[in-house]
file structure_12.txt (compact mmCIF, C-alpha atoms)
# COMPACT_ATOMS: atom_id res chain seq x y z
CA MET A 1 -124.38 6.53 -12.08
CA ASP A 2 -121.88 9.21 -11.06
CA GLN A 3 -123.79 12.36 -10.04
CA THR A 4 -121.54 14.52 -12.20
CA ALA A 5 -122.16 12.44 -15.33
CA GLY A 6 -125.51 14.10 -16.07
CA PRO A 7 -124.26 17.70 -15.93
CA ILE A 8 -121.15 16.82 -17.96
CA LEU A 9 -123.31 15.09 -20.56
CA GLU A 10 -125.63 18.09 -20.71
CA ILE A 11 -122.76 20.53 -21.29
CA GLY A 12 -121.37 18.30 -24.04
CA VAL A 13 -124.75 17.97 -25.74
CA LEU A 14 -125.36 21.73 -25.54
CA LEU A 15 -121.96 22.51 -27.04
CA LEU A 16 -122.64 20.05 -29.88
CA GLY A 17 -126.07 21.63 -30.30
CA ALA A 18 -124.41 25.05 -30.44
CA VAL A 19 -122.12 23.79 -33.20
CA GLY A 20 -125.14 22.66 -35.22
CA ALA A 21 -127.09 25.86 -34.54
CA GLY A 22 -124.11 28.03 -35.42
CA TRP A 23 -123.48 26.06 -38.62
CA LEU A 24 -127.13 26.39 -39.69
CA ALA A 25 -127.11 30.12 -38.95
CA ARG A 26 -124.06 30.62 -41.14
CA ARG A 27 -125.62 28.60 -43.95
CA VAL A 28 -128.51 31.08 -44.15
CA GLY A 29 -126.21 34.10 -43.99
CA LEU A 30 -126.53 34.88 -40.28
CA PRO A 31 -123.72 35.00 -37.71
CA ALA A 32 -123.20 31.89 -35.58
CA VAL A 33 -124.09 33.83 -32.42
CA ILE A 34 -127.71 33.97 -33.59
CA GLY A 35 -127.74 30.19 -33.63
CA TYR A 36 -126.46 30.13 -30.06
CA LEU A 37 -129.18 32.55 -28.93
CA VAL A 38 -131.89 30.48 -30.62
CA LEU A 39 -130.53 27.30 -29.01
CA GLY A 40 -130.77 29.01 -25.62
CA LEU A 41 -134.39 29.92 -26.32
CA VAL A 42 -135.14 26.30 -27.31
CA VAL A 43 -133.71 24.81 -24.08
CA SER A 44 -135.07 27.57 -21.81
CA PRO A 45 -137.77 26.88 -19.21
CA PHE A 46 -140.10 29.18 -21.14
CA THR A 47 -140.44 26.96 -24.22
CA PRO A 48 -141.80 23.40 -24.53
CA GLY A 49 -139.47 20.40 -24.48
CA TYR A 50 -136.06 19.90 -22.95
CA VAL A 51 -134.97 22.36 -20.23
CA ALA A 52 -131.27 22.87 -19.52
CA ASP A 53 -129.91 23.30 -15.98
CA HIS A 54 -129.85 27.08 -15.83
CA ASP A 55 -127.74 27.36 -12.66
CA GLN A 56 -125.02 25.20 -14.18
CA LEU A 57 -125.07 27.15 -17.43
CA GLN A 58 -125.03 30.43 -15.53
CA LEU A 59 -121.84 29.46 -13.68
CA LEU A 60 -120.10 28.55 -16.93
CA ALA A 61 -121.40 31.71 -18.58
CA ASP A 62 -120.07 33.80 -15.68
CA LEU A 63 -116.67 32.17 -16.19
CA GLY A 64 -116.98 32.99 -19.86
CA VAL A 65 -117.80 36.65 -19.20
CA VAL A 66 -114.81 36.98 -16.86
CA LEU A 67 -112.37 35.42 -19.35
CA LEU A 68 -113.98 37.29 -22.24
CA LEU A 69 -113.67 40.72 -20.63
CA PHE A 70 -110.21 39.94 -19.23
CA GLU A 71 -109.12 39.10 -22.78
CA VAL A 72 -110.86 42.21 -24.15
CA GLY A 73 -108.95 44.30 -21.61
CA ILE A 74 -105.69 42.71 -22.73
CA GLU A 75 -106.55 43.54 -26.34
CA VAL A 76 -106.92 47.28 -25.67
CA ASP A 77 -103.77 48.98 -26.96
CA LEU A 78 -104.30 52.68 -26.40
CA LEU A 79 -100.83 53.61 -27.66
CA ARG A 80 -101.43 51.91 -31.00
CA ILE A 81 -104.87 53.48 -31.37
CA ARG A 82 -103.44 56.93 -30.60
CA SER A 83 -100.77 56.58 -33.29
CA GLU A 84 -102.88 54.95 -36.02
CA GLN A 85 -106.39 56.43 -35.64
CA ARG A 86 -106.09 59.57 -33.56
CA GLY A 87 -109.68 60.58 -34.25
CA LEU A 88 -110.84 57.51 -32.31
CA ILE A 89 -109.38 58.90 -29.10
CA VAL A 90 -112.01 61.66 -29.30
CA ALA A 91 -114.86 59.98 -31.18
CA ALA A 92 -115.30 56.71 -29.26
CA PRO A 93 -115.36 58.08 -25.69
CA LEU A 94 -117.54 60.99 -26.82
CA GLN A 95 -120.01 58.60 -28.46
CA THR A 96 -120.17 56.51 -25.28
CA ILE A 97 -120.90 59.58 -23.16
CA LEU A 98 -123.37 61.17 -25.59
CA THR A 99 -125.30 57.95 -26.18
CA THR A 100 -125.48 57.29 -22.43
CA LEU A 101 -126.71 60.85 -21.83
CA ILE A 102 -129.29 60.89 -24.65
CA ALA A 103 -130.60 57.39 -23.93
CA GLY A 104 -130.65 58.04 -20.19
CA LEU A 105 -132.69 61.21 -20.57
CA VAL A 106 -135.17 59.52 -22.91
CA LEU A 107 -135.53 56.50 -20.61
CA ALA A 108 -136.00 58.76 -17.58
CA ALA A 109 -138.73 60.59 -19.48
CA ALA A 110 -140.27 57.19 -20.28
CA GLY A 111 -140.57 56.31 -16.60
CA LEU A 112 -137.29 54.88 -15.31
CA ALA A 113 -135.67 56.42 -12.25
CA PRO A 114 -132.59 58.54 -13.13
CA LEU A 115 -129.87 56.08 -12.03
CA PRO A 116 -131.42 52.98 -13.65
CA ALA A 117 -132.06 55.08 -16.76
CA ALA A 118 -128.37 56.01 -16.88
CA ILE A 119 -127.30 52.37 -16.41
CA VAL A 120 -129.58 51.14 -19.20
CA GLY A 121 -128.44 54.11 -21.31
CA LEU A 122 -124.83 53.00 -20.83
CA SER A 123 -125.88 49.47 -21.80
CA ILE A 124 -127.17 50.86 -25.08
CA ALA A 125 -123.99 52.91 -25.60
CA LEU A 126 -121.64 49.89 -25.48
CA SER A 127 -121.15 47.42 -28.32
CA SER A 128 -120.31 43.71 -28.30
CA SER A 129 -116.58 43.07 -28.59
CA VAL A 130 -117.19 39.45 -29.62
CA VAL A 131 -119.57 40.48 -32.41
CA ILE A 132 -117.24 43.21 -33.68
CA VAL A 133 -114.33 40.77 -33.82
CA ASN A 134 -116.55 38.38 -35.78
CA ILE A 135 -117.56 41.18 -38.18
CA THR A 136 -113.91 41.97 -38.90
CA ARG A 137 -112.97 38.31 -39.42
CA SER A 138 -116.02 36.98 -41.26
CA ARG A 139 -115.42 35.44 -44.66
CA ARG A 140 -118.50 37.33 -45.89
CA ARG A 141 -117.33 40.72 -44.69
CA THR A 142 -117.41 43.69 -47.06
CA THR A 143 -115.45 46.06 -44.80
CA ASN A 144 -112.03 47.35 -45.77
CA ARG A 145 -108.97 47.25 -43.51
CA GLU A 146 -109.37 50.83 -42.28
CA THR A 147 -112.98 50.24 -41.25
CA GLU A 148 -112.08 47.00 -39.47
CA GLU A 149 -109.29 48.69 -37.51
CA ALA A 150 -111.62 51.55 -36.62
CA LEU A 151 -114.29 49.11 -35.43
CA LEU A 152 -111.83 47.28 -33.16
CA GLY A 153 -110.30 50.48 -31.80
CA TRP A 154 -113.68 52.13 -31.26
CA SER A 155 -114.97 49.07 -29.37
CA ALA A 156 -111.87 48.98 -27.16
CA LEU A 157 -112.22 52.66 -26.27
CA GLN A 158 -115.95 52.23 -25.67
CA ASP A 159 -115.20 49.50 -23.13
CA THR A 160 -112.48 51.56 -21.46
CA THR A 161 -114.77 54.57 -21.12
CA GLY A 162 -117.76 52.42 -20.19
CA VAL A 163 -116.03 50.60 -17.34
CA VAL A 164 -115.24 53.94 -15.64
CA ILE A 165 -118.81 55.22 -16.04
CA ALA A 166 -120.25 51.86 -14.96
CA ALA A 167 -118.15 51.75 -11.80
CA ILE A 168 -119.46 55.19 -10.81
CA LEU A 169 -123.11 54.43 -11.64
CA LEU A 170 -123.13 51.05 -9.90
CA ALA A 171 -121.51 52.59 -6.82
CA LEU A 172 -124.20 55.30 -6.77
CA LEU A 173 -126.87 52.62 -7.16
CA GLY A 174 -125.45 50.78 -4.16
CA ILE A 175 -124.63 47.50 -5.92
CA GLY A 176 -123.13 45.20 -3.29
CA GLY A 177 -124.92 47.00 -0.46
CA ARG A 178 -122.02 49.35 0.30
CA PRO A 179 -122.37 53.07 1.03
CA LEU A 180 -120.97 55.36 -1.63
CA ASP A 181 -117.84 56.26 0.34
CA GLN A 182 -116.99 52.59 0.94
CA ALA A 183 -117.67 51.75 -2.70
CA ALA A 184 -115.35 54.58 -3.81
CA ALA A 185 -112.63 53.46 -1.38
CA GLY A 186 -112.98 49.88 -2.62
CA LEU A 187 -112.64 51.03 -6.22
CA VAL A 188 -109.49 53.02 -5.44
CA ALA A 189 -107.99 50.08 -3.53
CA PHE A 190 -108.78 47.73 -6.42
CA ILE A 191 -107.12 50.11 -8.89
CA ALA A 192 -104.00 50.10 -6.70
CA LEU A 193 -104.04 46.28 -6.64
CA THR A 194 -104.49 46.18 -10.40
CA ILE A 195 -101.48 48.46 -10.92
CA ALA A 196 -99.40 46.18 -8.68
CA VAL A 197 -100.51 43.12 -10.66
CA ALA A 198 -99.64 44.96 -13.87
CA ARG A 199 -96.06 45.23 -12.58
CA ILE A 200 -95.74 41.63 -11.36
CA LEU A 201 -97.73 39.51 -13.83
CA PRO A 202 -95.67 40.31 -16.96
CA ILE A 203 -92.51 39.34 -15.06
CA VAL A 204 -94.05 36.00 -14.09
CA LEU A 205 -95.32 35.36 -17.62
CA ARG A 206 -91.93 36.26 -19.09
CA ALA A 207 -90.26 33.69 -16.83
CA LEU A 208 -92.80 31.03 -17.90
CA ARG A 209 -92.83 31.85 -21.62
CA THR A 210 -91.24 28.52 -22.60
CA GLU A 211 -93.39 26.59 -20.09
CA HIS A 212 -96.53 26.49 -22.21
CA ASP A 213 -98.77 24.74 -19.69
CA LEU A 214 -97.74 26.94 -16.77
CA PHE A 215 -97.99 30.12 -18.87
CA LEU A 216 -101.58 29.23 -19.78
CA ILE A 217 -102.56 28.33 -16.21
CA VAL A 218 -101.15 31.58 -14.83
CA SER A 219 -102.89 33.60 -17.57
CA VAL A 220 -106.29 32.05 -16.85
CA ALA A 221 -105.85 32.06 -13.07
CA ALA A 222 -104.75 35.70 -13.03
CA GLY A 223 -107.91 36.82 -14.82
CA LEU A 224 -110.22 34.75 -12.60
CA ALA A 225 -108.43 35.58 -9.34
CA LEU A 226 -108.21 39.32 -9.99
CA ALA A 227 -111.88 39.47 -10.92
CA GLY A 228 -112.83 37.40 -7.89
CA VAL A 229 -110.78 39.52 -5.48
CA GLY A 230 -112.14 42.72 -6.98
CA SER A 231 -115.72 41.53 -6.53
CA ALA A 232 -115.49 39.69 -3.20
CA ILE A 233 -113.19 42.06 -1.30
CA PHE A 234 -113.42 45.46 -2.97
CA GLY A 235 -117.05 45.34 -4.13
CA VAL A 236 -116.25 45.92 -7.82
CA PRO A 237 -118.70 44.09 -10.14
CA LEU A 238 -117.14 40.85 -11.37
CA ALA A 239 -117.10 41.62 -15.08
CA LEU A 240 -115.77 45.15 -14.60
CA ALA A 241 -113.00 43.82 -12.37
CA ALA A 242 -112.05 41.29 -15.05
CA PHE A 243 -111.84 43.98 -17.73
CA ALA A 244 -109.75 46.25 -15.50
CA GLY A 245 -107.40 43.34 -14.79
CA GLY A 246 -106.88 42.70 -18.49
CA LEU A 247 -106.41 46.40 -19.16
CA ALA A 248 -103.67 46.51 -16.52
CA VAL A 249 -101.45 44.04 -18.36
CA ALA A 250 -102.38 45.17 -21.88
CA GLU A 251 -99.22 47.18 -22.51
CA SER A 252 -96.78 44.36 -21.62
CA PRO A 253 -95.08 42.37 -24.42
CA GLU A 254 -96.48 39.19 -22.86
CA ALA A 255 -100.08 40.37 -23.21
CA ALA A 256 -100.40 39.34 -26.86
CA GLU A 257 -99.16 35.83 -26.08
CA ALA A 258 -101.51 35.54 -23.08
CA ARG A 259 -104.41 36.65 -25.27
CA ARG A 260 -103.53 34.12 -27.98
CA ARG A 261 -103.52 31.26 -25.49
CA LEU A 262 -106.73 32.40 -23.79
CA LEU A 263 -108.73 32.57 -27.02
CA PRO A 264 -109.80 28.88 -27.18
CA PHE A 265 -111.14 29.03 -23.63
CA ARG A 266 -112.85 32.32 -24.28
CA ASP A 267 -114.51 31.03 -27.42
CA VAL A 268 -115.96 27.96 -25.69
CA PHE A 269 -117.29 29.92 -22.73
CA ALA A 270 -118.55 32.72 -24.97
CA VAL A 271 -120.76 30.17 -26.76
CA LEU A 272 -122.30 29.18 -23.43
CA PHE A 273 -122.70 32.86 -22.54
CA PHE A 274 -124.87 33.50 -25.59
CA VAL A 275 -126.83 30.30 -24.98
CA VAL A 276 -127.58 31.59 -21.47
CA ILE A 277 -128.80 34.90 -22.89
CA GLY A 278 -131.23 32.90 -25.05
CA THR A 279 -132.55 31.05 -21.98
CA LEU A 280 -133.41 34.37 -20.32
CA ILE A 281 -135.84 35.53 -23.02
CA GLN A 282 -139.20 34.93 -21.33
CA PRO A 283 -141.94 35.27 -23.98
CA ASP A 284 -144.73 36.52 -21.69
CA ALA A 285 -142.46 39.06 -19.96
CA LEU A 286 -141.17 40.15 -23.37
CA LEU A 287 -144.73 40.71 -24.56
CA ARG A 288 -145.38 42.96 -21.55
CA GLY A 289 -142.06 44.71 -22.13
CA LEU A 290 -142.56 45.19 -25.87
CA PRO A 291 -142.77 49.01 -25.61
CA TRP A 292 -139.38 48.99 -23.85
CA LEU A 293 -137.92 46.77 -26.57
CA ILE A 294 -139.12 49.13 -29.30
CA LEU A 295 -137.70 52.09 -27.39
CA PHE A 296 -134.34 50.35 -26.86
CA LEU A 297 -134.04 49.49 -30.55
CA GLY A 298 -134.96 53.05 -31.52
CA LEU A 299 -132.30 54.43 -29.19
CA ILE A 300 -129.69 52.08 -30.65
CA VAL A 301 -130.45 53.42 -34.12
CA VAL A 302 -130.71 57.12 -33.26
CA ALA A 303 -128.58 57.70 -30.18
CA LYS A 304 -125.86 55.20 -31.02
CA VAL A 305 -125.62 54.48 -34.74
CA GLY A 306 -126.57 58.05 -35.65
CA VAL A 307 -124.14 59.61 -33.15
CA ALA A 308 -121.32 57.25 -34.20
CA TRP A 309 -121.87 58.15 -37.88
CA LEU A 310 -121.78 61.88 -37.15
CA LEU A 311 -118.62 61.58 -35.04
CA ALA A 312 -116.88 59.36 -37.59
CA ARG A 313 -117.48 61.99 -40.24
CA ALA A 314 -116.63 64.92 -37.98
CA THR A 315 -113.28 63.40 -36.96
CA ARG A 316 -112.55 62.28 -40.54
CA LEU A 317 -111.66 58.73 -39.60
CA GLN A 318 -110.02 56.61 -42.27
CA ALA A 319 -113.06 54.32 -42.44
CA ARG A 320 -116.45 54.00 -44.10
CA PRO A 321 -118.68 55.98 -41.72
CA VAL A 322 -121.92 54.11 -42.47
CA GLN A 323 -120.38 50.66 -42.10
CA LEU A 324 -118.51 51.72 -38.98
CA ALA A 325 -121.67 53.07 -37.32
CA ILE A 326 -123.78 50.04 -38.20
CA GLY A 327 -120.99 47.68 -37.15
CA LEU A 328 -121.16 49.31 -33.72
CA GLY A 329 -124.96 49.15 -33.71
CA GLN A 330 -125.51 46.27 -31.32
CA VAL A 331 -125.43 45.74 -27.56
CA GLY A 332 -123.67 42.81 -25.94
CA GLU A 333 -121.59 41.55 -23.02
CA PHE A 334 -121.33 44.68 -20.89
CA SER A 335 -124.99 45.45 -21.57
CA PHE A 336 -125.96 42.03 -20.21
CA VAL A 337 -123.76 42.54 -17.14
CA LEU A 338 -125.18 46.01 -16.41
CA GLY A 339 -128.76 44.89 -16.98
CA SER A 340 -128.27 41.88 -14.68
CA ALA A 341 -126.84 44.13 -11.96
CA ALA A 342 -129.75 46.55 -12.29
CA VAL A 343 -132.44 43.88 -12.12
CA ALA A 344 -130.69 42.18 -9.17
CA ALA A 345 -130.82 45.52 -7.32
CA ASP A 346 -134.55 45.87 -8.18
CA ALA A 347 -133.68 49.03 -10.11
CA ILE A 348 -135.52 47.80 -13.23
CA THR A 349 -138.42 45.38 -13.67
CA ASP A 350 -138.24 41.90 -15.17
CA GLU A 351 -140.09 43.18 -18.24
CA THR A 352 -137.49 45.90 -18.81
CA TYR A 353 -134.65 43.40 -18.29
CA VAL A 354 -136.10 40.85 -20.72
CA ALA A 355 -136.64 43.65 -23.25
CA LEU A 356 -132.95 44.58 -22.89
CA ILE A 357 -131.91 40.94 -23.41
CA ALA A 358 -134.12 40.77 -26.51
CA ALA A 359 -132.51 44.00 -27.74
CA VAL A 360 -129.13 42.27 -27.38
CA ALA A 361 -130.28 39.38 -29.59
CA LEU A 362 -132.06 41.49 -32.21
CA SER A 363 -129.38 44.18 -32.49
CA ILE A 364 -126.66 41.54 -32.95
CA ALA A 365 -128.67 39.85 -35.70
CA VAL A 366 -129.46 43.07 -37.55
CA SER A 367 -126.07 44.78 -37.29
CA THR A 368 -124.04 41.75 -38.38
CA VAL A 369 -126.19 41.25 -41.47
CA VAL A 370 -126.77 44.89 -42.47
CA VAL A 371 -123.10 45.84 -42.06
CA ARG A 372 -122.34 43.56 -45.03
CA LEU A 373 -124.95 45.27 -47.19
CA VAL A 374 -124.20 48.93 -46.62
CA ALA A 375 -120.99 49.31 -48.60
CA SER A 376 -122.59 51.90 -50.84
CA ARG A 377 -121.26 52.41 -54.31
CA ARG A 378 -119.88 55.80 -53.35
CA GLU A 379 -118.01 54.38 -50.34
CA SER A 380 -116.83 51.24 -52.12
CA GLU A 381 -115.41 52.97 -55.16
CA PRO A 382 -111.89 54.38 -54.93
CA ASP A 383 -111.44 58.11 -54.79
CA PRO A 384 -110.91 59.26 -58.42
CA ALA A 385 -108.35 61.77 -57.21
CA ALA A 386 -106.30 58.93 -55.80
CA LEU A 387 -106.19 56.98 -59.08
CA PRO A 388 -103.07 57.17 -61.23
CA ALA A 389 -103.36 59.39 -64.29
call {"tool": "encode", "arguments": {"input": "structure_12.txt", "output": "structure tokens"}}
result
Amino acid sequence: MDQTAGPILEIGVLLLGAVGAGWLARRVGLPAVIGYLVLGLVVSPFTPGYVADHDQLQLLADLGVVLLLFEVGIEVDLLRIRSEQRGLIVAAPLQTILTTLIAGLVLAAAGLAPLPAAIVGLSIALSSSVVIVNITRSRRRTTNRETEEALLGWSALQDTTGVVIAAILLALLGIGGRPLDQAAAGLVAFIALTIAVARILPIVLRALRTEHDLFLIVSVAAGLALAGVGSAIFGVPLALAAFAGGLAVAESPEAAEARRRLLPFRDVFAVLFFVVIGTLIQPDALLRGLPWLILFLGLIVVAKVGVAWLLARATRLQARPVQLAIGLGQVGEFSFVLGSAAVAADAITDETYVALIAAVALSIAVSTVVVRLVASRRESEPDPAALPA
């Protein structure tokens, strides 16, 4: 039998299993991503029965993260956000910074070293772009248009702010084994490369707009190549390089078309990404890290949801503050990337890392369900002053 037949069969079976798990999750009122996480737990080496090839899944998940964050970067439209929801320009970056600061201080007091505490704090500050998109598109959603637009804009600005903070923190931590001055020089050089790509790529895509196959290939290859170059040559973490690459081309007219054509690939790889997260939940390590898990969940509620609610009200966003805050109340892709970088650098223990992964799964489950239930009567009813006499 062909040596590649087994791995191909396994990927196909896992994707079909993900379809079934996602369908069952939706039937009981949960988001499909919970089904993917549970499937990952079922096929992990830490549970009885079938064990998936983790290395193979990890490679596909890494591809998924790169395409996912490249596409998220493309989706960020700062000019539109500034014109439509000006309060977001202040509220979202401020929430990211405040949550990182509060969570980092609490985690440092709980025993983490300052830099790892700041990295985990930033993980808690950032939300899942995939989950927020699903919240705004779900057939069961109870959000109004203004809240959905605020959720998407807030998430985009979170990611933009977070990638800058993450680049600084990871450079200080010495990710990649480079001294701080070399890491800073690499980051500056990568930014210069990204700006150059932002000038060239839209021209290439414009020329290939009617060549559908070539347009798609260039779109995918640009995201992968830019991320790979940023990581291999300039020492920028892979996922952060992918996001920066997408952000660079976000303002071009071709960006929307590139994003539309990337979505099917992103969706398939994103499924595998969440399955991989499920395979990383090690029950015995989670039991030892239970105090960390409780602390992480508490920080999500207080330092993230609470801060987001206060800022939404203070800036008078055209959105339902409670739904907006709870919709942001999960951790996701960037959190996984930052946690993986920290544990690879021995900055946090396996127990802390597994607790963070479990916080990803639990916060996604809770926020996507509760956000549908919190449209209070006061928020749902129209303003009497706005009704016609």
call {"tool": "closest_residue", "arguments": {"input": "structure_12.txt", "among": "A:Leu67, A:Leu205, A:Ala225, A:Leu356", "to": "Pro264 in chain A", "atoms": "all atoms listed in the file"}}
result
A:Leu67
call {"tool": "residues_around", "arguments": {"input": "structure_12.txt", "residues": "Leu170 in chain A", "least_positions_apart": "6", "cutoff": "9 Å", "atoms": "all atoms listed in the file", "output": "compact mmCIF listing (two decimals) with C-alpha atoms, in the coordinates of the input"}}
result
# COMPACT_ATOMS: atom_id res chain seq x y z
CA LEU A 115 -129.87 56.08 -12.03
CA ILE A 119 -127.30 52.37 -16.41
CA GLY A 176 -123.13 45.20 -3.29
CA VAL A 236 -116.25 45.92 -7.82
CA PRO A 237 -118.70 44.09 -10.14
CA LEU A 338 -125.18 46.01 -16.41
CA ALA A 341 -126.84 44.13 -11.96
CA ALA A 342 -129.75 46.55 -12.29
call {"tool": "residues_near_point", "arguments": {"input": "structure_12.txt", "point": "(-115.4, 37.5, -35.4)", "cutoff": "12 Å", "atoms": "only C-alpha atoms", "output": "NGL selection string"}}
result
:A and (31-33 or 128-141 or 148 or 151-152 or 263 or 267 or 270 or 327 or 368)
call {"tool": "atom_distance", "arguments": {"input": "structure_12.txt", "atom1": "CA of Ala312 in chain A", "atom2": "CA of Leu297 in chain A"}}
result
21.0 Å
call {"tool": "atom_distance", "arguments": {"input": "structure_12.txt", "atom1": "CA of Thr352 in chain A", "atom2": "CA of Gly104 in chain A"}}
result
14.0 Å
call {"tool": "closest_residue", "arguments": {"input": "structure_12.txt", "among": "A:Ala18, A:Ala319, A:Ile348, A:Glu257", "to": "Ala108 in chain A", "atoms": "only C-alpha atoms"}}
result
A:Ile348
call {"tool": "axis_aligned_box", "arguments": {"input": "structure_12.txt", "around": "range 31-43 of chain A", "padding_each_side": "6 Å", "output": "lines of an AutoDock Vina configuration file"}}
result
center_x = -129.2
center_y = 29.9
center_z = -30.9
size_x = 23.9
size_y = 22.2
size_z = 25.6
call {"tool": "residues_around", "arguments": {"input": "structure_12.txt", "residues": "range 36-46 of chain A", "least_positions_apart": "3", "cutoff": "7 Å", "atoms": "only C-alpha atoms", "output": "VMD selection string"}}
result
chain A and resid 18 21 to 22 32 to 33 50 to 52 271 274 to 279 281 to 283 361
call {"tool": "closest_residue", "arguments": {"input": "structure_12.txt", "among": "A:Gly245, A:Thr160, A:Leu216, A:Leu317", "to": "Ile191 in chain A", "atoms": "only C-alpha atoms"}}
result
A:Gly245
call {"tool": "closest_residue", "arguments": {"input": "structure_12.txt", "among": "A:Gly121, A:Pro7, A:Gly186, A:Pro114", "to": "Val331 in chain A", "atoms": "only C-alpha atoms"}}
result
A:Gly121
call {"tool": "atom_distance", "arguments": {"input": "structure_12.txt", "atom1": "CA of Ala171 in chain A", "atom2": "CA of Leu295 in chain A"}}
result
26.2 Å
call {"tool": "closest_residue", "arguments": {"input": "structure_12.txt", "among": "A:Leu299, A:Leu373, A:Leu310, A:Arg26", "to": "Leu94 in chain A", "atoms": "all atoms listed in the file"}}
result
A:Leu310
call {"tool": "closest_residue", "arguments": {"input": "structure_12.txt", "among": "A:Ile11, A:Leu290, A:Val360, A:Ala109", "to": "Gln56 in chain A", "atoms": "only C-alpha atoms"}}
result
A:Ile11
call {"tool": "decode", "arguments": {"input": "structure_12.txt", "residues": "range 187-192 of chain A", "atoms": "all heavy atoms", "output": "compact mmCIF listing (two decimals), in the first residue's frame"}}
result
# COMPACT_ATOMS: atom_id res chain seq x y z
N LEU A 187 12.59 42.59 13.17
CA LEU A 187 11.21 43.07 13.10
C LEU A 187 11.10 44.28 12.17
O LEU A 187 10.18 44.35 11.34
CB LEU A 187 10.72 43.42 14.50
CG LEU A 187 9.27 43.91 14.63
CD1 LEU A 187 8.31 42.85 14.14
CD2 LEU A 187 8.96 44.30 16.07
N VAL A 188 12.04 45.22 12.28
CA VAL A 188 12.02 46.40 11.42
C VAL A 188 12.20 46.00 9.96
O VAL A 188 11.51 46.50 9.06
CB VAL A 188 13.12 47.39 11.85
CG1 VAL A 188 13.26 48.52 10.83
CG2 VAL A 188 12.81 47.95 13.23
N ALA A 189 13.14 45.07 9.70
CA ALA A 189 13.37 44.61 8.33
C ALA A 189 12.13 43.91 7.77
O ALA A 189 11.78 44.10 6.59
CB ALA A 189 14.57 43.67 8.29
N PHE A 190 11.45 43.14 8.62
CA PHE A 190 10.25 42.45 8.14
C PHE A 190 9.14 43.45 7.83
O PHE A 190 8.40 43.29 6.86
CB PHE A 190 9.77 41.44 9.18
CG PHE A 190 8.50 40.73 8.78
CD1 PHE A 190 8.50 39.82 7.74
CD2 PHE A 190 7.30 41.00 9.43
CE1 PHE A 190 7.34 39.17 7.35
CE2 PHE A 190 6.14 40.36 9.06
CZ PHE A 190 6.16 39.44 8.02
N ILE A 191 9.02 44.49 8.65
CA ILE A 191 8.02 45.53 8.37
C ILE A 191 8.30 46.19 7.03
O ILE A 191 7.38 46.44 6.24
CB ILE A 191 8.01 46.57 9.52
CG1 ILE A 191 7.45 45.93 10.80
CG2 ILE A 191 7.17 47.79 9.13
CD1 ILE A 191 7.58 46.81 12.02
N ALA A 192 9.58 46.46 6.75
CA ALA A 192 9.94 47.05 5.46
C ALA A 192 9.58 46.12 4.31
O ALA A 192 9.04 46.55 3.27
CB ALA A 192 11.44 47.36 5.44
